[in-house]
Amino acid sequence: MTISQTDPASGVPKSESILEMRNASVSFDMERGDSRVLNEVDLDVRRNEILGVVGESGSGKSMLASAFLDAIVDPGVLTGDITYYPENGQPVDVLDLDRRELKELRWEQISMVFQGAMSSFNPVRNIKTHFVETLTAHDYNVKEGMERAEQLLSDLYLDPERVLESYPHELSGGMKQRALIALSLVLEPEVLVMDEPTAALDLLMQRSIISLLQNIKEQYDLTIVFITHDLPLIADLVDRIGVMYAFEIAELGPTAEMLEDPAHPYTRLLLKSTPNLESSIDEMRPVEGSAPDPVNVPAGCSFHPRCPLADETCKTQDPGPYSVDSGHHVHCHHWEESADAIPMGADASSLDSFGESSVQTTTATRRRTDDPIVSLEDVEVHFQKEKGFFDFFSDPPVVKAVDGISLDIYEKDAVVLVGESGCGKTTLGKTAVGLQKPTGGSIKYRGHDIWDVHSGDDDEMSWGEVRRSLQIVHQDPGSSLNPNRRVKASLEEPLKRWNKDIDGNDRKQRILGLLDHVGMSPPEDYYERYPHQLSGGEQQRVAIIRAMLMNPDLILADEPVSALDVSLRVEMMDLMIQLQDVFDTSYLFISHDLANARYIAEKTGGRIGVVYLGELVEVGPPEQIINDPQHPYTQALRWATPELTVDESEDSVEDSPIRKIDIPDPTNPPSGCNYHTRCPEAREVCRTTAPEAYEASKAETHHAACFRTLDDHEYWQSEPIVDESD
């Protein structure tokens, strides 16, 4: 059957559709009511396009992905119509397939890549076994299938022989994710649905996989649905963007239009709340309020409680879809007014105080004339890996997690460490606050070696004073809060321990005041809650308050916003900067996101430090690190940071400023400069000699460990490295 008419809900000729969803809903019967996590969604996926679907956590993105494959887990109920149009053959009613037919549809026609690659592989079977079992289960020729698998792995810049013989734990996160993509394509499907496939990966690996997807999409004639919470990530990848809010499609249109002139107030506010490297810091502001509970979605337009344009019509009448342009549709009664009400770019200053950041930007790094509160000097942290059974007679491999780093942190300072996973950021941070003992060098707190204090060799300071003064806020606040203790108990504990002269009523009033200060109102309500009764952002607020109640001099904030929605990140970073002024504390932030690092460092007048394989390869003010990076690795991180613009250039992995995608084995780091095996600017001297930290610009706090910063170094007479297999 050939259907040629244009569908009014999407503006897409049905003959161009490969997947069609009509009135799709998913509901779960819960004790407190019916939870609808997908609500009457209409959506078409065009053949050979890449469709991006974005939205906050809990907006229904993953349910949408599962619905395409009729893979909603029990006791969820999926209703509506989902039709798959194969290139050759009759349309397929996905919800009418029996178990055998559904098994054939999945993998063979529509394949899915899930968020957690590790949980998608059986840890006791090597990667080859996964391919063989998949081919066998679908009655494919195993020999031909494995030849295709090897080609897919090679196309994804992996060594097929090594990967196929490896177990999942022997591969890095990026290698596992690429192996999973290859596995999903081994049966030659027409459609690839990807649910947050790069969420757990570093910027460089994310950008590399995005480039690889562009290549394999053309090579294997694929249609891709890419689901993510990170809008900038897909700006250069997708043809169209659908924005989900409260389990519905709020807006759908071509990528350029969605990024440059979106019509829905939520889309515009979402773009303004997303940290990036090009926009002015002062234009970034959070989306006020929170997403609705699936059991209690507001009537009318579900966004109206958070929308600056909402009126009585929005509260009672479900909007749209309204046609903005050909192929661009929006569910908003006042979409024509949204551009004036929520200006973008240079006109953003005219926006009223809705969601306005209350934190002023410090454009220049503060001059450090006082003594540092924490000083790291030539710090080393080397770990011996556990021996395997066959390694009994050999020396265990050593991981140089931190290898000779020096860094000073001052009063009300903010230093943001960035770099790939496994580069040593977290180990360095934990060492700086006394949670990890160094194997070399020293860490001093106000001039006292903290490990001398710990061993009792320093009589002038107690270990308790060190522990109170150096605190940590973890990445996952849910795991750092005791699930069996109410908020009041978790927050009273530091006051009882370190401020014994404060009575119970004063403790309560201080805690209630802080809860109210961080936006948890009414504070008496939150005071009595357990952690599971709080959202992720609320849990992080409690964790920050708990650390601040110690009156610390330095807080290690380990990826404090990475687990939060994009719309909450600016709000949380602003909160931490506000509390810095209230408590006169300093921060050592850890982030894998250069855009977040820039936001924090510019707002506080702080510095950004770039860490690679245990070394601090560049450190300096954000304006230098972002706009004039001197180390090639910093330049690669800058390249990998996605922007909220469409790049018209034909980007590919070959065009990237790195020679190799994967980071070297930390137990066997390269000789000379650690980065020379991946550096496109590397020369022969880089193989043998490790560079020092040289002054990199006119900014006195800007240093880079690269020979290229020196005009008269022998590097310039050395031969370029041309051996790509190095």
# chains A, B, ... in the order shown; residues from 1 in each chain; ligands from 1

$ residues_around --residues "range 51-64 of chain A" --least-positions-apart "5" --cutoff "6 Å" --atoms "only C-alpha atoms" --output "list of chain:residue names"
A:Val37, A:Leu38, A:Val225, A:Phe226, A:Ile227, A:Thr228, A:His229, A:Val238, A:Asp239, A:Arg240, A:Ile241, A:Gly242, A:Val243, A:Met244, A:Tyr245, A:Ala246, A:Phe247, A:Asp565

$ select_by_dssp --residues "range 157-253 of chain A" --states "alpha helix (DSSP H)" --output "PyMOL selection string"
chain A and resi 160-165+173-185+203-219

$ closest_residue --among "A:Val94, A:Met205, A:Met194, A:Val124" --to "Leu156 in chain A" --atoms "only C-alpha atoms"
A:Met205

$ select_by_dssp --residues "range 178-341 of chain A" --states "strand (DSSP E)" --output "PyMOL selection string"
chain A and resi 191-195+223-228+240-245+248-254+322-325+328-330

$ write_last_selection --atoms "C-alpha atoms" --output "tab-separated table (two decimals), in the first residue's frame"
chain	number	residue	atom	x	y	z
A	191	VAL	CA	15.98	2.33	11.68
A	192	LEU	CA	18.27	2.94	14.64
A	193	VAL	CA	16.66	4.34	17.81
A	194	MET	CA	19.28	5.72	20.22
A	195	ASP	CA	18.25	6.53	23.80
A	223	THR	CA	17.23	6.37	9.60
A	224	ILE	CA	18.17	7.47	13.13
A	225	VAL	CA	16.07	8.69	16.06
A	226	PHE	CA	18.48	10.28	18.55
A	227	ILE	CA	17.06	10.93	22.02
A	228	THR	CA	18.95	13.18	24.44
A	240	ARG	CA	14.80	17.97	12.69
A	241	ILE	CA	14.33	18.48	16.43
A	242	GLY	CA	11.31	17.50	18.51
A	243	VAL	CA	11.08	19.05	21.97
A	244	MET	CA	9.18	17.04	24.58
A	245	TYR	CA	7.56	18.49	27.66
A	248	GLU	CA	3.97	15.42	24.81
A	249	ILE	CA	5.68	16.92	21.76
A	250	ALA	CA	5.71	20.66	22.46
A	251	GLU	CA	7.42	21.69	19.21
A	252	LEU	CA	8.80	19.98	16.11
A	253	GLY	CA	10.69	21.55	13.25
A	254	PRO	CA	13.86	21.81	11.13
A	322	TYR	CA	-0.28	25.33	15.18
A	323	SER	CA	1.65	25.56	11.91
A	324	VAL	CA	4.60	27.94	12.13
A	325	ASP	CA	5.98	27.04	8.73
A	328	HIS	CA	7.38	23.33	11.75
A	329	HIS	CA	4.58	22.86	14.30
A	330	VAL	CA	4.11	24.11	17.84

$ closest_residue --among "A:Gln539, A:Gln471, A:Thr641, A:Thr677" --to "Arg659 in chain A" --atoms "only C-alpha atoms"
A:Thr677

$ atom_distance --atom1 "CA of Arg148 in chain A" --atom2 "CA of Glu190 in chain A"
15.5 Å

$ residues_around --residues "range 662-665 of chain A" --least-positions-apart "4" --cutoff "8 Å" --atoms "only C-alpha atoms" --output "short mmCIF file (atom, residue, chain, number, x, y, z; two decimals) with N, CA, C and O atoms, in the first residue's frame"
data_model
loop_
_atom_site.label_atom_id
_atom_site.label_comp_id
_atom_site.auth_asym_id
_atom_site.auth_seq_id
_atom_site.Cartn_x
_atom_site.Cartn_y
_atom_site.Cartn_z
N GLY A 174 33.69 4.53 26.00
CA GLY A 174 33.50 4.87 24.60
C GLY A 174 33.61 3.67 23.68
O GLY A 174 32.88 3.56 22.69
N MET A 175 34.52 2.76 24.00
CA MET A 175 34.68 1.55 23.19
C MET A 175 33.46 0.65 23.33
O MET A 175 32.98 0.07 22.35
N MET A 205 34.71 11.99 23.38
CA MET A 205 34.10 10.75 22.90
C MET A 205 32.70 11.02 22.36
O MET A 205 32.30 10.45 21.33
N PRO A 669 51.51 4.73 29.98
CA PRO A 669 51.39 6.03 29.32
C PRO A 669 52.52 6.25 28.32
O PRO A 669 53.59 5.64 28.43
N PRO A 670 52.30 7.10 27.34
CA PRO A 670 53.34 7.37 26.34
C PRO A 670 54.58 8.01 26.97
O PRO A 670 54.50 8.64 28.02
#

$ atom_distance --atom1 "CA of Gln115 in chain A" --atom2 "CA of Glu278 in chain A"
28.2 Å

$ closest_residue --among "A:Ala563, A:Tyr675, A:Arg485, A:Tyr266" --to "Pro286 in chain A" --atoms "only C-alpha atoms"
A:Tyr266

$ residues_around --residues "Gln533 in chain A" --least-positions-apart "2" --cutoff "12 Å" --atoms "only C-alpha atoms" --output "JSON, numbers by chain"
{"A": [478, 483, 484, 485, 486, 487, 525, 526, 527, 528, 529, 530, 531, 535, 536, 537, 538, 539]}

$ write_last_selection --atoms "C-alpha atoms" --output "compact mmCIF listing (two decimals), in the first residue's frame"
# COMPACT_ATOMS: atom_id res chain seq x y z
CA GLY A 478 21.02 10.61 46.29
CA PRO A 483 17.97 7.26 52.76
CA ASN A 484 16.73 6.41 56.27
CA ARG A 485 17.24 9.88 57.74
CA ARG A 486 15.07 12.91 57.25
CA VAL A 487 16.53 16.13 55.87
CA ASP A 525 7.82 20.93 54.59
CA TYR A 526 11.26 19.97 53.20
CA TYR A 527 12.70 19.81 56.73
CA GLU A 528 10.64 16.67 57.45
CA ARG A 529 11.16 14.85 54.14
CA TYR A 530 13.30 11.82 53.32
CA PRO A 531 15.76 11.96 50.38
CA SER A 535 13.94 15.71 43.24
CA GLY A 536 17.54 15.41 42.06
CA GLY A 537 17.99 19.18 42.23
CA GLU A 538 16.51 19.32 45.74
CA GLN A 539 18.78 16.50 46.91

$ residues_around --residues "range 443-458 of chain A" --least-positions-apart "5" --cutoff "7 Å" --atoms "only C-alpha atoms" --output "compact mmCIF listing (two decimals) with N, CA, C and O atoms, in the first residue's frame"
# COMPACT_ATOMS: atom_id res chain seq x y z
N PRO A 372 47.95 31.08 49.84
CA PRO A 372 46.89 30.11 49.50
C PRO A 372 46.36 29.42 50.75
O PRO A 372 47.08 29.24 51.74
N ILE A 373 45.08 29.03 50.70
CA ILE A 373 44.55 28.25 51.82
C ILE A 373 44.92 26.78 51.65
O ILE A 373 45.15 26.07 52.63
N VAL A 374 44.97 26.31 50.41
CA VAL A 374 45.42 24.94 50.11
C VAL A 374 46.47 25.02 49.02
O VAL A 374 46.28 25.70 48.00
N SER A 375 47.59 24.34 49.25
CA SER A 375 48.68 24.36 48.29
C SER A 375 49.13 22.93 47.99
O SER A 375 49.46 22.18 48.90
N LEU A 376 49.09 22.57 46.71
CA LEU A 376 49.57 21.26 46.27
C LEU A 376 50.91 21.46 45.59
O LEU A 376 51.05 22.31 44.70
N GLU A 377 51.90 20.68 46.01
CA GLU A 377 53.24 20.82 45.45
C GLU A 377 53.75 19.46 44.99
O GLU A 377 53.90 18.54 45.77
N ALA A 432 43.35 16.83 47.20
CA ALA A 432 43.41 18.23 47.64
C ALA A 432 42.64 18.45 48.94
O ALA A 432 43.01 19.32 49.74
N TRP A 463 43.43 17.21 63.28
CA TRP A 463 42.86 16.59 62.09
C TRP A 463 41.39 16.96 61.94
O TRP A 463 40.88 17.14 60.83

$ closest_atom_pairs --of "range 554-657 of chain A" --to "range 701-725 of chain A" --cutoff "12 Å" --atoms "only C-alpha atoms" --output "CSV"
residue,atom,partner,partner_atom,distance
A:Gly605,CA,A:Thr701,CA,11.9
A:Gly606,CA,A:Thr701,CA,10.3
A:Arg607,CA,A:Thr701,CA,8.3
A:Ile608,CA,A:His702,CA,9.5
A:Gly609,CA,A:His703,CA,9.5
A:Val610,CA,A:Ala704,CA,9.2
A:Val611,CA,A:Ala705,CA,10.7
A:Tyr612,CA,A:Ala705,CA,10.7
A:Glu615,CA,A:Ala705,CA,9.0
A:Leu616,CA,A:Ala705,CA,7.7
A:Val617,CA,A:Ala705,CA,4.9
A:Glu618,CA,A:Ala704,CA,4.1
A:Val619,CA,A:His703,CA,5.5
A:Gly620,CA,A:His702,CA,3.9
A:Pro621,CA,A:His702,CA,6.6
A:Pro622,CA,A:His702,CA,9.6
A:Glu623,CA,A:His702,CA,10.3
A:Gln624,CA,A:His702,CA,7.5
A:Ile625,CA,A:His702,CA,8.3
A:Ile626,CA,A:His702,CA,11.9
A:Asp628,CA,A:His702,CA,10.4
A:Pro629,CA,A:Ala704,CA,8.8
A:Gln630,CA,A:Ala704,CA,6.4
A:His631,CA,A:Cys706,CA,5.9
A:Pro632,CA,A:Cys706,CA,8.2
A:Tyr633,CA,A:Cys706,CA,9.8
A:Thr634,CA,A:Ala704,CA,9.5
A:Gln635,CA,A:Ala704,CA,11.7

$ closest_residue --among "A:Asn215, A:Asn39, A:Ser656, A:Ser697" --to "Arg678 in chain A" --atoms "only C-alpha atoms"
A:Ser656

$ residues_around --residues "Asp74 in chain A" --least-positions-apart "2" --cutoff "12 Å" --atoms "only C-alpha atoms" --output "count of residues only"
10

$ residues_around --residues "Pro438 in chain A" --least-positions-apart "6" --cutoff "10 Å" --atoms "only C-alpha atoms" --output "PyMOL selection string"
chain A and resi 378-383+402+427-428+430-432+451

$ write_last_selection --atoms "N, CA, C and O atoms" --output "compact mmCIF listing (two decimals), in the first residue's frame"
# COMPACT_ATOMS: atom_id res chain seq x y z
N ASP A 378 53.95 19.33 43.68
CA ASP A 378 54.48 18.11 43.07
C ASP A 378 53.73 16.86 43.54
O ASP A 378 54.34 15.83 43.85
N VAL A 379 52.42 16.93 43.58
CA VAL A 379 51.61 15.84 44.13
C VAL A 379 51.57 14.67 43.15
O VAL A 379 51.33 14.83 41.96
N GLU A 380 51.81 13.48 43.69
CA GLU A 380 51.70 12.24 42.93
C GLU A 380 50.76 11.29 43.66
O GLU A 380 50.81 11.19 44.89
N VAL A 381 49.92 10.62 42.91
CA VAL A 381 49.10 9.54 43.45
C VAL A 381 49.20 8.39 42.46
O VAL A 381 48.64 8.42 41.37
N HIS A 382 49.96 7.36 42.84
CA HIS A 382 50.16 6.20 41.99
C HIS A 382 49.48 4.98 42.63
O HIS A 382 49.68 4.72 43.82
N PHE A 383 48.70 4.28 41.85
CA PHE A 383 48.01 3.08 42.33
C PHE A 383 48.60 1.85 41.68
O PHE A 383 48.93 1.86 40.49
N VAL A 402 47.71 10.73 39.37
CA VAL A 402 48.18 12.11 39.47
C VAL A 402 49.70 12.04 39.43
O VAL A 402 50.30 11.29 40.18
N THR A 427 40.67 12.09 41.39
CA THR A 427 41.74 11.71 42.32
C THR A 427 42.48 12.95 42.81
O THR A 427 42.78 13.07 44.01
N LEU A 428 42.76 13.88 41.91
CA LEU A 428 43.42 15.12 42.31
C LEU A 428 42.56 15.89 43.29
O LEU A 428 43.05 16.41 44.31
N LYS A 430 40.15 14.76 45.34
CA LYS A 430 40.08 14.08 46.65
C LYS A 430 41.40 14.21 47.41
O LYS A 430 41.40 14.30 48.64
N THR A 431 42.50 14.25 46.68
CA THR A 431 43.79 14.44 47.33
C THR A 431 43.89 15.84 47.91
O THR A 431 44.40 16.05 49.01
N ALA A 432 43.35 16.83 47.20
CA ALA A 432 43.41 18.23 47.64
C ALA A 432 42.64 18.45 48.94
O ALA A 432 43.01 19.32 49.74
N TRP A 451 48.95 15.72 56.05
CA TRP A 451 49.22 14.34 56.45
C TRP A 451 50.19 14.28 57.64
O TRP A 451 50.20 13.28 58.37

$ atom_distance --atom1 "CA of Thr645 in chain A" --atom2 "CA of Ile50 in chain A"
16.6 Å
